[in-house]
Amino acid sequence: MALILFHSPRGGTGNSFLAATTAIALSRAGHDVTALDFAQSGTLQLHFGIGPGEALPALDAPAEEAASASVQGVALRSAAALARQDDFAQGLAAGEIGFDGEQLFVADISSGDQHLRDLLLPYADLEICPLTATAECLMMLPAVNDAGLAKTRFVMSMVEDTRRFARHSVGFLRELLGDRLLGQVRRDESVIEACAMLQPLGRYAPHSAALADTIALGESVADLLVDILDADGGAPLPDDTAGAAPAGQPGKNRAA
Amino acid sequence: MRADAKVLLERLGKSDFRYREFVDRFADLESWPIFEALLKDPRIMPQEEVSAIEAAEPGDSARMPAPRAQARAVVAPAPAAAKPREAEAAASLFGRYGRPERAQNIRSLLQRLSDAVEGGDA
């Protein structure tokens, strides 16, 4: 159905957390979601409550092997090894690795992996770029623009609204980016604690401020996807896809 | 009322608090030099729009050079010869200040940045 990239020009912006919680929110909204971990560090699974001792099935793993890796309705796959194969770019170009099935793919890409982001962007329907209220992060903003922003939306992450510069940064970016700023997610110690407890945030801290913010973000992304896919004449959305394949079920290509 | 504040008051069993949310209006933003550096980066905002905004208020031009601010700019100016596609992207995507109220906002911010530099506050 669609590929959504999560990539920030700066590390430590909560990229994996936002990818995970958005995937869960989209699943709850009725989408058939697969979360793809493109990062070699493999920390995405922590936000689903899966510890470092368990390896996610590869994106191109057989269906029966991948079937068990599903948390809160989201199928989890590792794509880090596949993306580093010599023929990955060719596979994308040839359609052997495609994202046009009935599933919605949410991809977590490391901040340092700009090459992979640039490689996947043409195949993505949407890119979400988390920013934090630090000068170090804001000064990366012009670099994001270098590749074009037609598909890019921004999220202010780890916002502490008791902090002056954080509030001013949100106000500044709201003026600068307008509708391209999808929202903000507050800094919340519960996120760190949930990871340490190997539990999804929704289970560990159901009243978490960050969780409430990410649910709102997920709703914004879901609304945005409706507009994008409608404009593209894409696949029908959940209301029309009651018979969609279960999450993680392989489709007709290597990725789906 | 924000959801977290509402939940907290419900848990405390309190309903008689006066609730006020503090939101910084754009006009109240302080003159952080990083904001100025970003606004003066042609990849963020086409410089012809900055020039047009500055020209709209002649009084600003005397204050805008702000050599100290330029010397302290965090972001170095981008290469002048940007690729056409990049320049187009910047103009159409980040260059949102063609609308009157946004032009007014950025004019106001640039003026306050300049005033702060002149006054030695920045």
# chains A, B, ... in the order shown; residues from 1 in each chain; ligands from 1
call {"tool": "residues_around", "arguments": {"residues": "Leu82 (chain A)", "least_positions_apart": "6", "cutoff": "8 Å", "atoms": "only C-alpha atoms", "output": "list of chain:residue names"}}
result
A:Ala58, A:Leu59, A:Asp60, A:Phe88
call {"tool": "write_last_selection", "arguments": {"atoms": "N, CA and C atoms", "output": "PDB file, in the first residue's frame"}}
result
ATOM      1  N   ALA A  58      14.218 -11.810   8.830  1.00  0.00           N
ATOM      2  CA  ALA A  58      14.631 -10.918   7.741  1.00  0.00           C
ATOM      3  C   ALA A  58      13.437 -10.592   6.851  1.00  0.00           C
ATOM      4  N   LEU A  59      13.568  -9.473   6.170  1.00  0.00           N
ATOM      5  CA  LEU A  59      12.481  -9.025   5.296  1.00  0.00           C
ATOM      6  C   LEU A  59      12.153 -10.069   4.235  1.00  0.00           C
ATOM      7  N   ASP A  60      13.185 -10.782   3.775  1.00  0.00           N
ATOM      8  CA  ASP A  60      12.944 -11.774   2.740  1.00  0.00           C
ATOM      9  C   ASP A  60      12.858 -13.193   3.294  1.00  0.00           C
ATOM     10  N   PHE A  88      20.843  -4.711  -3.762  1.00  0.00           N
ATOM     11  CA  PHE A  88      19.634  -4.133  -3.166  1.00  0.00           C
ATOM     12  C   PHE A  88      19.046  -3.034  -4.060  1.00  0.00           C
TER      13      PHE A  88
END
call {"tool": "interface_residues", "arguments": {"of": "chain A", "to": "chain B", "cutoff": "6 Å", "atoms": "only C-alpha atoms", "output": "VMD selection string"}}
result
chain A and resid 142 146 148 168 171
call {"tool": "closest_residue", "arguments": {"among": "A:Ile109, A:Leu224, A:Ala93, A:Ala29", "to": "Asp179 (chain A)", "atoms": "only C-alpha atoms"}}
result
A:Leu224
call {"tool": "residues_around", "arguments": {"residues": "region 152-164 of chain A", "least_positions_apart": "4", "cutoff": "8 Å", "atoms": "only C-alpha atoms", "output": "mmCIF file with N, CA and C atoms, in the first residue's frame"}}
result
data_model
loop_
_atom_site.group_PDB
_atom_site.id
_atom_site.type_symbol
_atom_site.label_atom_id
_atom_site.label_comp_id
_atom_site.auth_asym_id
_atom_site.auth_seq_id
_atom_site.Cartn_x
_atom_site.Cartn_y
_atom_site.Cartn_z
ATOM 1 N N THR A 13 17.131 11.503 18.187
ATOM 2 C CA THR A 13 15.896 12.279 18.098
ATOM 3 C C THR A 13 14.654 11.426 18.388
ATOM 4 N N GLY A 14 14.856 10.174 18.776
ATOM 5 C CA GLY A 14 13.709 9.306 19.035
ATOM 6 C C GLY A 14 13.120 8.718 17.766
ATOM 7 N N LEU A 126 5.868 8.683 1.876
ATOM 8 C CA LEU A 126 5.941 9.689 2.929
ATOM 9 C C LEU A 126 7.236 9.494 3.704
ATOM 10 N N GLU A 127 7.876 10.604 4.060
ATOM 11 C CA GLU A 127 9.038 10.553 4.947
ATOM 12 C C GLU A 127 8.735 11.407 6.168
ATOM 13 N N ILE A 128 8.999 10.857 7.332
ATOM 14 C CA ILE A 128 8.807 11.623 8.558
ATOM 15 C C ILE A 128 10.168 11.859 9.194
ATOM 16 N N CYS A 129 10.460 13.121 9.442
ATOM 17 C CA CYS A 129 11.775 13.530 9.920
ATOM 18 C C CYS A 129 11.644 14.105 11.337
ATOM 19 N N PRO A 130 12.042 13.339 12.350
ATOM 20 C CA PRO A 130 11.991 13.876 13.720
ATOM 21 C C PRO A 130 13.123 14.874 13.961
ATOM 22 N N LEU A 131 12.779 15.951 14.629
ATOM 23 C CA LEU A 131 13.762 16.964 15.019
ATOM 24 C C LEU A 131 13.660 17.186 16.518
ATOM 25 N N THR A 132 14.765 17.553 17.125
ATOM 26 C CA THR A 132 14.714 17.930 18.536
ATOM 27 C C THR A 132 15.063 19.409 18.667
ATOM 28 N N ALA A 133 14.689 19.964 19.789
ATOM 29 C CA ALA A 133 14.886 21.399 20.003
ATOM 30 C C ALA A 133 16.292 21.675 20.490
ATOM 31 N N HIS A 168 10.320 27.922 21.936
ATOM 32 C CA HIS A 168 10.608 28.846 20.842
ATOM 33 C C HIS A 168 10.917 28.087 19.554
ATOM 34 N N VAL A 170 9.680 25.184 18.675
ATOM 35 C CA VAL A 170 8.408 24.697 18.132
ATOM 36 C C VAL A 170 7.688 25.836 17.408
ATOM 37 N N ARG A 180 3.721 21.242 7.205
ATOM 38 C CA ARG A 180 4.723 20.161 7.145
ATOM 39 C C ARG A 180 5.187 19.731 8.533
ATOM 40 N N LEU A 181 4.871 20.507 9.538
ATOM 41 C CA LEU A 181 5.147 20.084 10.911
ATOM 42 C C LEU A 181 3.904 19.352 11.422
ATOM 43 N N LEU A 182 4.024 18.040 11.510
ATOM 44 C CA LEU A 182 2.840 17.228 11.839
ATOM 45 C C LEU A 182 2.437 17.356 13.298
ATOM 46 N N GLY A 183 3.395 17.610 14.169
ATOM 47 C CA GLY A 183 3.053 17.711 15.577
ATOM 48 C C GLY A 183 4.287 17.622 16.442
ATOM 49 N N GLN A 184 4.071 17.448 17.718
ATOM 50 C CA GLN A 184 5.193 17.346 18.651
ATOM 51 C C GLN A 184 4.928 16.227 19.654
ATOM 52 N N VAL A 185 6.015 15.635 20.105
ATOM 53 C CA VAL A 185 5.935 14.558 21.096
ATOM 54 C C VAL A 185 6.793 14.967 22.286
ATOM 55 N N ARG A 186 6.180 14.963 23.449
ATOM 56 C CA ARG A 186 6.893 15.431 24.636
ATOM 57 C C ARG A 186 7.930 14.424 25.135
ATOM 58 N N ARG A 187 8.989 14.976 25.732
ATOM 59 C CA ARG A 187 9.978 14.114 26.372
ATOM 60 C C ARG A 187 9.330 13.415 27.552
ATOM 61 N N ASP A 188 9.575 12.145 27.671
ATOM 62 C CA ASP A 188 8.880 11.374 28.688
ATOM 63 C C ASP A 188 9.799 10.250 29.183
#
call {"tool": "atom_distance", "arguments": {"atom1": "CA of Thr43 (chain A)", "atom2": "CA of Leu56 (chain A)"}}
result
10.7 Å
call {"tool": "select_by_dssp", "arguments": {"residues": "region 57-154 of chain A", "states": "helix (DSSP H, G or I)", "output": "number ranges by chain"}}
result
A: 63-66, 80-83, 88-94, 114-123, 135-138, 141-146
call {"tool": "select_by_dssp", "arguments": {"residues": "region 60-175 of chain A", "states": "strand (DSSP E or B)", "output": "list in words"}}
result
Ser70, Val71, Val74, Ala75, Leu76, Arg77, Ser78, Leu104, Phe105, Val106, Ala107, Asp108, Leu126, Glu127, Ile128, Cys129, Pro130, Leu131, Thr132, Thr152, Arg153, Phe154, Val155, Met156, Ser157, Met158 and Val159 of chain A
